[in-house]
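Please read the structure below before turning to the comments.
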Amino acid sequence: MRFMLVNHGRPSHGATCSACAQPLGASYVRHVSTQRRYCDTDCYRRYQQSAMGMLWPYHSSLETITVLAAISSWSWMMQMSALSRSLTEAYLRAHNLLTTEGGDG
């Protein structure tokens, strides 16, 4: 948050708040990099939050990402489970062959 509080510095005639379009009074908030003017810090914060919402328009995106990550993890787990089961079965078959042929000793 980079803004400057302007006190007793009436802006040019007809200047309005960038967030709510209300006329600015004797004190207002000005964003440092964009030079936009706001009624007060609350108006500035509301505008910044709505601007961030516009950058990422999918409000339930966190839920979507979480579900996709869970599905991906579950899929990976199932593949690893199948692989470990196959390797275990191969080991047990090889062990049984050695045991029945008398290779153990």
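Just remember, in the structure tokens the first chain shown is A, the second B, etc., residues are 1-based per chain, and ligands are 1-based in the order shown.
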
Legend entry - Those in stretch 29-100 of chain A with alpha helix (DSSP H) from DSSP, as a PyMOL selection string: chain A and resi 41-55+61-100

Inset, instruction - Write out as JSON, numbers by chain all residues of stretch 9-93 of chain A that backbone DSSP assigns to strand (DSSP E). - result: {"A": [28, 29, 30, 31, 37, 38]}

Inset, instruction - Tell me which of A:Ala70, A:Gln49, A:Val6, A:Ala15 sits closest to A:His31, counting only C-alpha atoms. - result: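 The answer is A:Val6, which sits nearest to A:His31.
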
Legend entry - Non-local contacts of stretch 33-46 of chain A (6 Å; only C-alpha atoms; under 6 positions in same chain excluded) as a list in words: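 Contacts, in chain order: Cys17, Ser18 and Leu24 of chain A.
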
How about saving the chosen residues, N, CA and C atoms kept, as a short mmCIF file (atom, residue, chain, number, x, y, z; two decimals), in the first residue's frame?
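result_6.cif was written with the following content:
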```cif
data_model
loop_
_atom_site.label_atom_id
_atom_site.label_comp_id
_atom_site.auth_asym_id
_atom_site.auth_seq_id
_atom_site.Cartn_x
_atom_site.Cartn_y
_atom_site.Cartn_z
N CYS A 17 -13.35 11.15 -6.47
CA CYS A 17 -12.69 9.94 -5.99
C CYS A 17 -12.63 8.91 -7.12
N SER A 18 -11.52 8.26 -7.27
CA SER A 18 -11.36 7.25 -8.32
C SER A 18 -12.17 5.99 -8.05
N LEU A 24 -14.08 15.27 -3.98
CA LEU A 24 -13.06 15.22 -2.92
C LEU A 24 -13.14 16.46 -2.05
#
```

Inset, instruction - May I ask for the distance between atom CA of A:Ala19 and atom CA of A:Gln48, given in Å to one decimal place? - result: 8.9 Å

Legend entry - Residues within 8 Å of A:Leu5, only C-alpha atoms, excluding chain neighbours under 3 positions, as an MDAnalysis selection string: chainID A and resid 27:30
